[in-house]
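Student: Input structure: model_19.tsv, which contains TSV, C-alpha atoms and all ligand atoms.
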```tsv
chain	number	residue	atom	x	y	z
B	26	MET	CA	3.95	96.49	145.25
B	27	LYS	CA	5.59	96.66	148.67
B	28	VAL	CA	5.68	100.00	150.52
B	29	ALA	CA	7.48	100.76	153.78
B	30	ILE	CA	6.67	103.81	155.92
B	31	VAL	CA	9.51	104.41	158.36
B	32	ASN	CA	10.39	106.93	161.06
B	33	LEU	CA	6.90	107.35	162.50
B	34	SER	CA	6.66	108.93	165.94
B	35	GLU	CA	3.15	107.66	166.77
B	36	ILE	CA	0.78	105.14	165.22
B	37	VAL	CA	-2.94	105.54	165.97
B	38	SER	CA	-4.61	102.14	165.69
B	39	GLY	CA	-8.23	103.08	164.96
B	40	ASP	CA	-9.37	101.05	167.98
B	41	TRP	CA	-10.41	103.55	170.68
B	42	ARG	CA	-10.03	100.96	173.46
B	43	SER	CA	-6.36	100.54	172.53
B	44	PRO	CA	-5.66	103.61	170.41
B	45	PHE	CA	-1.88	103.36	169.94
B	46	ASN	CA	0.38	100.82	168.30
B	47	ALA	CA	3.98	100.65	169.46
B	48	GLY	CA	6.78	101.06	166.94
B	49	ASP	CA	7.79	103.32	164.09
B	50	THR	CA	7.23	101.38	160.86
B	51	ILE	CA	4.34	100.15	158.69
B	52	LEU	CA	4.88	97.61	155.91
B	53	ILE	CA	2.37	97.31	153.06
B	54	ASP	CA	2.10	94.41	150.64
B	55	ASP	CA	-0.12	95.27	147.67
B	56	ASN	CA	-3.54	96.35	148.95
B	57	HIS	CA	-3.07	95.34	152.56
B	58	ILE	CA	-1.05	96.18	155.64
B	59	GLN	CA	1.56	93.51	156.22
B	60	SER	CA	2.80	94.64	159.63
B	61	VAL	CA	2.62	97.56	162.06
B	62	GLY	CA	5.34	98.30	164.59
B	63	SER	CA	8.92	97.46	163.86
B	64	ALA	CA	10.53	95.88	160.81
B	65	SER	CA	13.95	94.48	160.05
B	66	ALA	CA	16.36	96.40	157.85
B	67	ALA	CA	16.06	93.55	155.36
B	68	ALA	CA	12.27	93.89	155.19
B	69	VAL	CA	12.54	97.63	154.55
B	70	GLU	CA	15.24	96.93	151.96
B	71	GLN	CA	12.83	94.67	150.07
B	72	ALA	CA	10.21	97.41	149.72
B	73	ASP	CA	9.67	98.91	146.28
B	74	ILE	CA	8.93	102.30	147.85
B	75	VAL	CA	10.23	103.67	151.17
B	76	ILE	CA	8.54	106.73	152.66
B	77	ASP	CA	10.41	108.53	155.45
B	78	ALA	CA	7.72	110.04	157.68
B	79	ASP	CA	10.25	112.34	159.40
B	80	GLY	CA	8.58	111.76	162.78
B	81	MET	CA	4.95	112.29	161.75
B	82	THR	CA	1.92	110.41	163.13
B	83	ALA	CA	0.21	107.65	161.15
B	84	ILE	CA	-3.56	107.24	161.39
B	85	PRO	CA	-5.98	105.05	159.46
B	86	GLY	CA	-7.49	106.82	156.44
B	87	LEU	CA	-10.56	108.78	157.51
B	88	ILE	CA	-13.98	107.29	156.68
B	89	ASP	CA	-16.66	109.88	156.01
B	90	SER	CA	-19.90	107.96	156.56
B	91	HIS	CA	-22.22	110.70	155.28
B	92	VAL	CA	-21.31	112.05	151.84
B	93	HIS	CA	-23.88	113.20	149.30
B	94	ILE	CA	-22.69	111.11	146.39
B	95	THR	CA	-24.45	111.37	143.03
B	96	PHE	CA	-22.60	110.14	139.95
B	97	GLY	CA	-18.93	110.58	139.20
B	98	ASP	CA	-16.89	113.15	141.08
B	99	TYR	CA	-19.63	115.79	140.83
B	100	THR	CA	-22.01	117.39	143.32
B	101	PRO	CA	-25.11	118.98	141.77
B	102	ARG	CA	-25.95	120.73	145.07
B	103	GLN	CA	-22.82	122.90	144.91
B	104	ARG	CA	-22.19	122.44	141.17
B	105	THR	CA	-18.66	121.34	141.83
B	106	VAL	CA	-16.51	118.84	139.97
B	107	GLY	CA	-13.65	117.04	141.69
B	108	TYR	CA	-14.88	117.38	145.26
B	109	LEU	CA	-14.17	113.75	146.21
B	110	GLU	CA	-10.57	113.99	145.04
B	111	SER	CA	-10.37	117.19	147.09
B	112	TYR	CA	-11.67	115.35	150.19
B	113	LEU	CA	-8.82	112.87	149.76
B	114	HIS	CA	-6.50	115.83	150.36
B	115	GLY	CA	-8.40	116.22	153.67
B	116	GLY	CA	-7.45	112.69	154.66
B	117	VAL	CA	-10.71	111.01	153.61
B	118	THR	CA	-9.89	107.66	152.02
B	119	THR	CA	-13.43	106.24	152.09
B	120	SER	CA	-16.72	108.03	151.41
B	121	ILE	CA	-20.04	106.36	152.17
B	122	SER	CA	-23.13	107.54	150.37
B	123	ALA	CA	-25.92	109.14	152.37
B	124	SER	CA	-28.22	108.05	149.47
B	125	GLU	CA	-28.19	109.59	146.04
B	126	VAL	CA	-30.88	112.05	147.04
B	127	HIS	CA	-29.18	115.00	145.34
B	128	VAL	CA	-29.51	113.54	141.83
B	129	PRO	CA	-31.51	116.20	140.00
B	130	GLY	CA	-35.05	114.98	139.31
B	131	ARG	CA	-34.41	111.87	141.36
B	132	PRO	CA	-37.00	109.13	140.90
B	133	ARG	CA	-39.57	108.50	143.62
B	134	ASP	CA	-41.26	105.33	142.40
B	135	VAL	CA	-40.26	101.81	143.44
B	136	ASP	CA	-38.58	100.86	140.16
B	137	GLY	CA	-36.87	104.23	139.97
B	138	VAL	CA	-35.32	104.25	143.46
B	139	LYS	CA	-34.11	100.70	142.96
B	140	ALA	CA	-32.55	101.56	139.60
B	141	LEU	CA	-30.90	104.67	141.08
B	142	ALA	CA	-29.29	102.71	143.93
B	143	ILE	CA	-28.07	99.94	141.64
B	144	ALA	CA	-26.68	102.41	139.09
B	145	ALA	CA	-24.81	104.36	141.79
B	146	GLN	CA	-23.38	101.16	143.27
B	147	ARG	CA	-22.17	100.06	139.85
B	148	CYS	CA	-20.64	103.44	138.99
B	149	PHE	CA	-18.36	103.38	142.02
B	150	ALA	CA	-17.68	99.65	142.17
B	151	GLU	CA	-14.31	100.15	140.45
B	152	TYR	CA	-13.99	103.92	140.12
B	153	ARG	CA	-11.79	105.56	142.77
B	154	PRO	CA	-11.70	109.38	142.47
B	155	GLY	CA	-8.13	110.38	143.35
B	156	GLY	CA	-7.71	106.93	144.89
B	157	MET	CA	-10.68	107.22	147.26
B	158	ARG	CA	-12.95	104.24	147.88
B	159	VAL	CA	-16.60	105.23	147.46
B	160	LEU	CA	-19.37	103.07	148.87
B	161	ALA	CA	-22.37	104.22	146.85
B	162	GLY	CA	-25.88	102.97	146.20
B	163	SER	CA	-28.22	103.64	149.12
B	164	VAL	CA	-31.83	102.98	148.27
B	165	ILE	CA	-34.16	105.83	149.28
B	166	LEU	CA	-37.01	104.24	151.24
B	167	GLU	CA	-40.31	105.00	149.51
B	168	PRO	CA	-43.77	103.59	150.24
B	169	GLY	CA	-44.44	100.51	148.12
B	170	LEU	CA	-40.99	98.91	148.49
B	171	GLN	CA	-41.50	95.29	149.56
B	172	ARG	CA	-39.28	92.70	151.18
B	173	ALA	CA	-38.68	91.11	147.77
B	174	ASP	CA	-37.38	94.45	146.46
B	175	PHE	CA	-34.79	94.61	149.25
B	176	ASP	CA	-33.76	91.02	148.59
B	177	ASP	CA	-33.34	91.95	144.93
B	178	LEU	CA	-31.24	95.02	145.84
B	179	ALA	CA	-29.03	93.00	148.19
B	180	ARG	CA	-28.49	90.39	145.46
B	181	GLN	CA	-27.49	93.22	143.10
B	182	GLY	CA	-24.79	94.45	145.50
B	183	VAL	CA	-26.62	97.35	147.16
B	184	ARG	CA	-25.71	97.46	150.84
B	185	LEU	CA	-27.41	100.59	152.16
B	186	ALA	CA	-30.93	101.96	152.69
B	187	LYS	CA	-31.95	105.44	153.80
B	188	ALA	CA	-35.10	106.62	155.57
B	189	GLY	CA	-36.06	110.26	155.66
B	190	PHE	CA	-36.79	111.50	152.16
B	191	GLY	CA	-39.65	109.26	151.07
B	192	ALA	CA	-43.24	110.27	150.34
B	193	VAL	CA	-44.51	108.92	153.66
B	194	LYS	CA	-47.39	110.49	155.59
B	195	SER	CA	-45.63	110.02	158.93
B	196	ALA	CA	-42.09	108.98	159.88
B	197	TYR	CA	-43.68	105.97	161.60
B	198	ASP	CA	-44.49	104.68	158.11
B	199	TYR	CA	-40.76	103.90	157.81
B	200	VAL	CA	-40.97	101.25	160.54
B	201	PRO	CA	-41.99	98.32	158.25
B	202	LEU	CA	-39.69	99.56	155.44
B	203	VAL	CA	-36.67	99.63	157.76
B	204	ALA	CA	-37.58	96.19	159.12
B	205	ASP	CA	-37.80	94.71	155.60
B	206	ALA	CA	-34.52	96.33	154.54
B	207	LYS	CA	-32.80	94.97	157.66
B	208	ALA	CA	-34.23	91.51	157.07
B	209	ALA	CA	-32.68	91.56	153.59
B	210	GLY	CA	-29.29	92.36	155.12
B	211	LEU	CA	-29.06	96.05	154.23
B	212	ILE	CA	-27.50	98.61	156.58
B	213	THR	CA	-30.33	100.99	157.40
B	214	THR	CA	-29.81	104.70	158.05
B	215	CYS	CA	-32.22	107.43	159.03
B	216	HIS	CA	-32.30	111.20	158.79
B	217	THR	CA	-32.49	112.71	162.28
B	218	GLY	CA	-33.68	116.13	163.44
B	219	GLY	CA	-35.54	118.90	161.67
B	220	SER	CA	-36.22	118.74	157.96
B	221	SER	CA	-33.26	119.62	155.76
B	222	ILE	CA	-35.01	120.16	152.44
B	223	PRO	CA	-38.59	121.18	151.64
B	224	GLY	CA	-40.94	118.20	151.82
B	225	SER	CA	-39.12	116.24	154.53
B	226	GLY	CA	-40.32	116.31	158.15
B	227	ALA	CA	-38.68	116.26	161.57
B	228	ILE	CA	-37.50	112.90	162.90
B	229	THR	CA	-36.89	112.69	166.65
B	230	GLY	CA	-36.21	110.15	169.39
B	231	ASP	CA	-39.64	108.48	169.31
B	232	HIS	CA	-39.32	107.83	165.57
B	233	LEU	CA	-35.78	106.48	165.88
B	234	LEU	CA	-36.72	104.13	168.71
B	235	ALA	CA	-39.70	102.82	166.74
B	236	MET	CA	-37.62	102.28	163.57
B	237	HIS	CA	-34.36	101.21	165.16
B	238	PRO	CA	-32.18	101.77	162.08
B	239	HIS	CA	-28.50	100.78	162.23
B	240	VAL	CA	-27.41	104.42	162.05
B	241	SER	CA	-28.96	107.70	163.17
B	242	PHE	CA	-27.68	110.03	160.47
B	243	HIS	CA	-26.46	113.34	161.86
B	244	ILE	CA	-27.93	112.72	165.29
B	245	ASN	CA	-26.69	116.22	166.17
B	246	GLY	CA	-28.93	117.69	163.46
B	247	GLY	CA	-28.73	117.88	159.74
B	248	PRO	CA	-28.57	120.76	160.28
B	249	THR	CA	-31.40	121.17	162.86
B	250	ALA	CA	-31.11	119.19	166.11
B	251	MET	CA	-33.79	117.06	167.79
B	252	PRO	CA	-34.69	117.84	171.46
B	253	ASP	CA	-31.79	117.50	173.90
B	254	ALA	CA	-33.67	114.97	176.03
B	255	ASP	CA	-33.88	112.54	173.09
B	256	PHE	CA	-30.11	111.94	172.95
B	257	GLU	CA	-29.91	110.08	176.23
B	258	ARG	CA	-33.03	108.08	175.35
B	259	VAL	CA	-31.60	106.93	172.02
B	260	ILE	CA	-28.28	106.03	173.64
B	261	ARG	CA	-29.82	104.14	176.58
B	262	GLU	CA	-32.80	102.52	174.87
B	263	SER	CA	-31.25	101.36	171.58
B	264	ARG	CA	-28.17	100.06	169.82
B	265	ILE	CA	-28.43	102.69	167.08
B	266	ALA	CA	-25.09	104.12	165.89
B	267	LEU	CA	-24.71	107.80	166.76
B	268	GLN	CA	-23.38	109.71	163.76
B	269	VAL	CA	-22.28	113.29	164.48
B	270	CYS	CA	-21.72	115.51	161.44
B	271	THR	CA	-19.70	118.62	160.74
B	272	ALA	CA	-22.61	120.28	158.95
B	273	GLY	CA	-24.87	119.93	161.99
B	274	ASN	CA	-25.38	121.49	165.40
B	275	LEU	CA	-22.02	121.75	167.17
B	276	ARG	CA	-23.49	122.08	170.65
B	277	THR	CA	-25.46	118.85	170.36
B	278	ALA	CA	-22.50	117.06	168.75
B	279	LEU	CA	-20.56	117.78	171.95
B	280	LEU	CA	-23.58	116.81	174.08
B	281	CYS	CA	-23.84	113.49	172.24
B	282	ALA	CA	-20.11	112.83	172.61
B	283	ARG	CA	-20.22	113.36	176.36
B	284	LEU	CA	-23.29	111.15	176.74
B	285	ALA	CA	-21.79	108.38	174.56
B	286	VAL	CA	-18.71	108.27	176.80
B	287	GLN	CA	-20.77	108.49	179.99
B	288	HIS	CA	-23.12	105.65	178.97
B	289	GLU	CA	-20.34	103.44	177.55
B	290	ALA	CA	-21.73	103.71	174.03
B	291	PHE	CA	-18.57	104.96	172.33
B	292	ASP	CA	-18.28	101.87	170.09
B	293	ARG	CA	-21.22	103.25	168.11
B	294	PHE	CA	-20.17	106.91	168.11
B	295	ILE	CA	-19.12	107.80	164.55
B	296	ILE	CA	-18.02	110.96	162.74
B	297	ALA	CA	-19.06	112.17	159.28
B	298	THR	CA	-19.44	115.48	157.47
B	299	ASP	CA	-22.93	115.45	155.86
B	300	THR	CA	-21.54	117.29	152.86
B	301	PRO	CA	-21.72	118.47	150.10
B	302	THR	CA	-24.97	120.12	151.17
B	303	GLY	CA	-26.23	123.66	151.58
B	304	SER	CA	-23.28	123.97	153.99
B	305	GLY	CA	-20.92	123.53	151.08
B	306	VAL	CA	-18.10	121.29	149.96
B	307	MET	CA	-15.90	120.63	153.03
B	308	PRO	CA	-12.67	118.76	152.24
B	309	LEU	CA	-11.43	119.32	155.80
B	310	GLY	CA	-14.77	118.62	157.49
B	311	MET	CA	-13.64	115.38	159.13
B	312	LEU	CA	-10.54	117.11	160.54
B	313	TYR	CA	-12.71	119.95	161.86
B	314	THR	CA	-15.06	117.62	163.73
B	315	ILE	CA	-12.14	115.59	165.10
B	316	ALA	CA	-10.61	118.83	166.41
B	317	HIS	CA	-13.92	120.14	167.79
B	318	LEU	CA	-14.52	116.97	169.81
B	319	ALA	CA	-10.95	116.81	171.11
B	320	SER	CA	-10.61	120.51	171.95
B	321	LEU	CA	-14.09	121.22	173.34
B	322	THR	CA	-14.63	118.03	175.40
B	323	ASP	CA	-12.37	115.86	177.55
B	324	MET	CA	-11.97	113.37	174.69
B	325	PRO	CA	-8.34	112.51	173.87
B	326	PRO	CA	-7.50	113.35	170.22
B	327	GLU	CA	-6.67	109.73	169.39
B	328	GLN	CA	-10.13	108.67	170.57
B	329	SER	CA	-11.73	111.28	168.33
B	330	ILE	CA	-9.70	109.91	165.39
B	331	CYS	CA	-10.89	106.37	166.18
B	332	ALA	CA	-14.51	107.58	165.94
B	333	ALA	CA	-13.70	108.73	162.40
B	334	THR	CA	-11.93	105.52	161.41
B	335	GLY	CA	-12.31	102.19	163.25
B	336	ASN	CA	-15.78	102.94	164.62
B	337	ASN	CA	-17.11	103.75	161.15
B	338	ALA	CA	-15.44	100.63	159.73
B	339	THR	CA	-17.07	98.43	162.37
B	340	VAL	CA	-20.55	99.93	161.98
B	341	TYR	CA	-20.38	99.60	158.17
B	342	GLY	CA	-18.52	96.28	158.05
B	343	LEU	CA	-15.49	97.61	156.12
B	344	ASP	CA	-12.02	96.02	155.88
B	345	ASN	CA	-10.16	99.29	156.54
B	346	GLY	CA	-10.26	101.84	159.38
B	347	PHE	CA	-7.57	100.15	161.48
B	348	LEU	CA	-3.79	100.09	161.28
B	349	LYS	CA	-3.18	96.39	161.80
B	350	ALA	CA	-1.89	93.47	159.78
B	351	GLY	CA	-4.41	92.33	157.19
B	352	ALA	CA	-6.43	95.56	157.04
B	353	ALA	CA	-6.77	97.42	153.75
B	354	ALA	CA	-3.78	99.76	153.39
B	355	ASP	CA	-5.50	103.15	153.71
B	356	ILE	CA	-3.13	105.36	155.71
B	357	VAL	CA	-2.73	109.09	156.38
B	358	LEU	CA	0.36	110.82	157.78
B	359	LEU	CA	-0.52	113.71	160.09
B	360	ASP	CA	1.63	116.45	161.56
B	361	ALA	CA	1.38	119.66	163.54
B	362	PRO	CA	0.61	122.52	161.14
B	363	ASP	CA	3.52	124.75	160.28
B	364	GLY	CA	3.60	127.97	162.30
B	365	GLY	CA	1.34	126.72	165.09
B	366	THR	CA	2.01	126.47	168.80
B	367	GLN	CA	2.12	122.66	168.99
B	368	THR	CA	4.79	120.16	168.02
B	369	SER	CA	2.78	117.02	167.21
B	370	ALA	CA	-0.38	116.23	165.26
B	371	LEU	CA	-2.29	115.03	168.32
B	372	ALA	CA	-1.28	118.04	170.43
B	373	ALA	CA	-2.40	120.33	167.60
B	374	ILE	CA	-5.80	118.61	167.41
B	375	LYS	CA	-6.23	118.89	171.19
B	376	ASN	CA	-5.39	122.57	170.77
B	377	GLY	CA	-8.27	122.87	168.28
B	378	ASP	CA	-6.06	123.21	165.20
B	379	ILE	CA	-6.55	121.42	161.93
B	380	ALA	CA	-3.79	118.85	161.59
B	381	ALA	CA	-1.57	119.06	158.52
B	382	ILE	CA	-1.48	116.09	156.15
B	383	GLY	CA	1.88	114.87	154.85
B	384	ALA	CA	0.82	111.83	152.82
B	385	VAL	CA	-2.20	109.77	151.83
B	386	ILE	CA	-1.99	106.11	150.84
B	387	THR	CA	-5.02	104.16	149.64
B	388	ALA	CA	-5.21	100.50	148.63
B	389	GLY	CA	-1.44	100.37	149.19
B	390	THR	CA	-0.66	103.10	146.66
B	391	PRO	CA	0.76	106.51	147.67
B	392	ARG	CA	-1.62	109.15	146.25
B	393	PHE	CA	0.59	112.02	147.35
B	394	VAL	CA	3.59	112.38	149.63
B	395	GLY	CA	4.70	115.77	150.92
B	396	ARG	CA	1.94	118.32	150.78
B	397	SER	CA	-1.86	118.24	150.85
B	398	ARG	CA	-3.32	121.01	148.74
B	399	ASN	CA	-6.03	121.64	151.35
B	400	THR	CA	-4.49	121.49	154.82
B	401	PRO	CA	-1.85	123.84	156.20
B	402	ALA	CA	1.74	122.78	155.50
B	403	THR	CA	3.32	120.19	157.75
B	404	THR	CA	6.07	121.06	160.23
B	405	ARG	CA	8.10	118.00	159.27
B	406	HIS	CA	8.81	116.80	155.74
B	407	ALA	CA	7.68	113.36	154.63
B	408	ARG	CA	9.37	112.20	151.46
B	409	VAL	CA	9.89	109.22	149.25
B	410	VAL	CA	13.49	108.26	149.95
B	411	ARG	CA	13.56	105.31	147.58
B	412	SER	CA	11.37	104.08	144.76
B	413	ASN	CA	11.97	101.15	142.47
B	414	ALA	CA	8.41	101.28	141.20
B	415	ILE	CA	8.25	101.85	137.49
B	416	GLN	CA	4.89	103.53	137.35
B	417	ASP	CA	2.99	106.74	137.34
B	418	PHE	CA	1.15	107.14	140.66
B	419	ALA	CA	-1.66	108.88	138.80
B	420	ALA	CA	-2.38	105.66	136.94
B	421	ALA	CA	-5.11	104.52	139.32
B	422	PRO	CA	-8.24	102.99	137.75
B	423	THR	CA	-10.61	105.71	136.54
T	501	ZN	ZN	-27.25	114.43	154.55
```
Transcribe the structure of this file into structure tokens.
Tutor:
Amino acid sequence: MKVAIVNLSEIVSGDWRSPFNAGDTILIDDNHIQSVGSASAAAVEQADIVIDADGMTAIPGLIDSHVHITFGDYTPRQRTVGYLESYLHGGVTTSISASEVHVPGRPRDVDGVKALAIAAQRCFAEYRPGGMRVLAGSVILEPGLQRADFDDLARQGVRLAKAGFGAVKSAYDYVPLVADAKAAGLITTCHTGGSSIPGSGAITGDHLLAMHPHVSFHINGGPTAMPDADFERVIRESRIALQVCTAGNLRTALLCARLAVQHEAFDRFIIATDTPTGSGVMPLGMLYTIAHLASLTDMPPEQSICAATGNNATVYGLDNGFLKAGAAADIVLLDAPDGGTQTSALAAIKNGDIAAIGAVITAGTPRFVGRSRNTPATTRHARVVRSNAIQDFAAAPT
């Protein structure tokens, strides 16, 4: 299926070093972006579906790199069904599991944690809730896991490993586990800050620097922050990705953002929500953190969006997160919220407002066009002005 999005006022690229694409049109061919910028009338004419953006801003679909996936579209922590589909209405087109630690009665033995990660990976390999891509299956690092176990997991399609909830005596006991998981090619992630649930301990700068995982999960605290002095150490003395989360400490999220810019470490500065947790289900969490960073620091709004899109894609090796030819066609149309003081999506975000979403497209398929059920209404009105597609847009694989 070919889709054309026309009449865009701004196109945010996802690349913070070059955050805007010129032009007003995006062409999609099946699952991928065909071109970004301008298109001939003939090319638009050939599209099966034409969406008139009415002057809205296109951004890459948001990538939430810290979601507490379990199985299906269900969170046991908040006993809520359909939360992932609801996040899609907050612009999140990809959710990455923070490990399936919320599965009730989760296993803690070697065979059990391996089985849990493999089962979660399999469950979401084809299943897209509401059209969202879910990267699930993150093995919870427990004592006893050996290099051969990580090789086995990698061969089975598991890509992620998580330190922070195992039955270790000290967080330093994660050092050989993280090293073995990395050697097997897994992306390693680590809880950071004070303990979030009974039985887990604080993890601070010394632990992170000893482990050197790929990603410091909620470096701003999940929800309790590590000492302020540790932020600069982790930024200067490592290559660890700096994940700031909505459900964390806002003050240290801003501190980390300023330090990442100051020390030229913004490539590894990434945004996530760390939800659903005790903080709740937060469909607009990514938009809140984007707005907090843009309105409470000097960061331009487009740079904040790139931290939620292209930066996450690069850290996790995904094929989306950028609006460029060849990337997976995950696209969100943003606008100033109706009734606000600003006239564009980016100005609204800089003002601290939650941008309004006018359309979400994933894997080249429009999931809705017109009105998100979670954001404020848009000022402009995106609509499908032509469709030759004989299909029901709800007919995504389930
Ligand atoms: Zn978490």
Student: Set the cut-off to 9 Å, count only C-alpha atoms and all ligand atoms, and list whatever residues fall near ligand ZN 501 (chain T) as a ChimeraX atom specification.
Tutor: /B:91-93,123-124,126,216,221,242-243,247-248,270,272,298-302
Student: Take the selection from the previous step and output its residues with C-alpha atoms, as a JSON list (two decimals), in the frame of the given file.
Tutor:
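Printed below is result_14.json as written:
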```
[["chain", "number", "residue", "atom", "x", "y", "z"],
["B", 91, "HIS", "CA", -22.22, 110.70, 155.28],
["B", 92, "VAL", "CA", -21.31, 112.05, 151.84],
["B", 93, "HIS", "CA", -23.88, 113.20, 149.30],
["B", 123, "ALA", "CA", -25.92, 109.14, 152.37],
["B", 124, "SER", "CA", -28.22, 108.05, 149.47],
["B", 126, "VAL", "CA", -30.88, 112.05, 147.04],
["B", 216, "HIS", "CA", -32.30, 111.20, 158.79],
["B", 221, "SER", "CA", -33.26, 119.62, 155.76],
["B", 242, "PHE", "CA", -27.68, 110.03, 160.47],
["B", 243, "HIS", "CA", -26.46, 113.34, 161.86],
["B", 247, "GLY", "CA", -28.73, 117.88, 159.74],
["B", 248, "PRO", "CA", -28.57, 120.76, 160.28],
["B", 270, "CYS", "CA", -21.72, 115.51, 161.44],
["B", 272, "ALA", "CA", -22.61, 120.28, 158.95],
["B", 298, "THR", "CA", -19.44, 115.48, 157.47],
["B", 299, "ASP", "CA", -22.93, 115.45, 155.86],
["B", 300, "THR", "CA", -21.54, 117.29, 152.86],
["B", 301, "PRO", "CA", -21.72, 118.47, 150.10],
["B", 302, "THR", "CA", -24.97, 120.12, 151.17]]
```
Student: To one decimal place in Å, what is the distance between CA of Leu202 (chain B) and CA of Glu167 (chain B)?
Tutor: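 Rounded to one decimal, the two atoms are 8.1 Å apart.
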Student: With a distance cut-off of 10 Å and all atoms listed in the file, select the neighbouring residues of Ile315 (chain B), excluding the residue or stretch itself and same-chain residues fewer than 5 positions from it, and output the selection as a list in words.
Tutor: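 Result of the neighbour search: Thr271, Ile296, Ala297, Gly310, Ser320, Met324, Pro326, Glu327, Gln328, Ser329, Ile330, Cys331, Ala332, Ala333, Ile374, Lys375, Gly377, Asp378, Ile379 and Ala380 of chain B.
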Student: Export C-alpha atoms of the chosen residues as a PDB file, keeping the file's coordinate frame?
Tutor:
```pdb
ATOM      1  CA  THR B 271     -19.700 118.620 160.740  1.00  0.00           C
ATOM      2  CA  ILE B 296     -18.020 110.960 162.740  1.00  0.00           C
ATOM      3  CA  ALA B 297     -19.060 112.170 159.280  1.00  0.00           C
ATOM      4  CA  GLY B 310     -14.770 118.620 157.490  1.00  0.00           C
ATOM      5  CA  SER B 320     -10.610 120.510 171.950  1.00  0.00           C
ATOM      6  CA  MET B 324     -11.970 113.370 174.690  1.00  0.00           C
ATOM      7  CA  PRO B 326      -7.500 113.350 170.220  1.00  0.00           C
ATOM      8  CA  GLU B 327      -6.670 109.730 169.390  1.00  0.00           C
ATOM      9  CA  GLN B 328     -10.130 108.670 170.570  1.00  0.00           C
ATOM     10  CA  SER B 329     -11.730 111.280 168.330  1.00  0.00           C
ATOM     11  CA  ILE B 330      -9.700 109.910 165.390  1.00  0.00           C
ATOM     12  CA  CYS B 331     -10.890 106.370 166.180  1.00  0.00           C
ATOM     13  CA  ALA B 332     -14.510 107.580 165.940  1.00  0.00           C
ATOM     14  CA  ALA B 333     -13.700 108.730 162.400  1.00  0.00           C
ATOM     15  CA  ILE B 374      -5.800 118.610 167.410  1.00  0.00           C
ATOM     16  CA  LYS B 375      -6.230 118.890 171.190  1.00  0.00           C
ATOM     17  CA  GLY B 377      -8.270 122.870 168.280  1.00  0.00           C
ATOM     18  CA  ASP B 378      -6.060 123.210 165.200  1.00  0.00           C
ATOM     19  CA  ILE B 379      -6.550 121.420 161.930  1.00  0.00           C
ATOM     20  CA  ALA B 380      -3.790 118.850 161.590  1.00  0.00           C
TER      21      ALA B 380
END
```
Student: Can you work out which one of B:Asp176, B:Gly182, B:Leu109, B:Gln103 has the shortest atom-to-atom distance to Tyr152 (chain B), counting all atoms listed in the file?
Tutor: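 Residue with the minimum atom-to-atom distance to Tyr152 (chain B): B:Leu109.
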Student: Work out how far CA of Pro308 (chain B) is from CA of Phe190 (chain B), in Å to one decimal.
Tutor: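 Value for the CA of Phe190 (chain B)-CA of Pro308 (chain B) distance: 25.2 Å.
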Student: Using all atoms listed in the file, which residue out of B:Ser163, B:Asn56, B:Thr387, B:Gln181 lies closest to Ile212 (chain B)?
Tutor: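 Ranked by minimum distance to Ile212 (chain B), first place goes to B:Ser163.
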Student: What does the structure give for the distance between CA of Tyr341 (chain B) and CA of Arg392 (chain B), in Å to one decimal?
Tutor: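 Straight-line distance from CA of Tyr341 (chain B) to CA of Arg392 (chain B) works out to 24.2 Å.
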Student: Could you tell me which of B:Val240, B:Ala352, B:Leu211, B:Val159 comes closest to Gly97 (chain B) if we count only C-alpha atoms?
Tutor: B:Val159
Student: Within 6 Å of (-19.7, 106.8, 147.6) (file coordinates; all atoms listed in the file), which protein or nucleic acid residues are there? I'd like them as a PyMOL selection string.
Tutor: chain B and resi 94+120-122+159-161
Student: What's the 12 Å shell around Ile228 (chain B), counting all atoms listed in the file, without same-chain residues fewer than 3 positions away, as a PyMOL selection string?
Tutor: chain B and resi 188-190+195-199+215-221+225+231-236+241-247+249-252+255
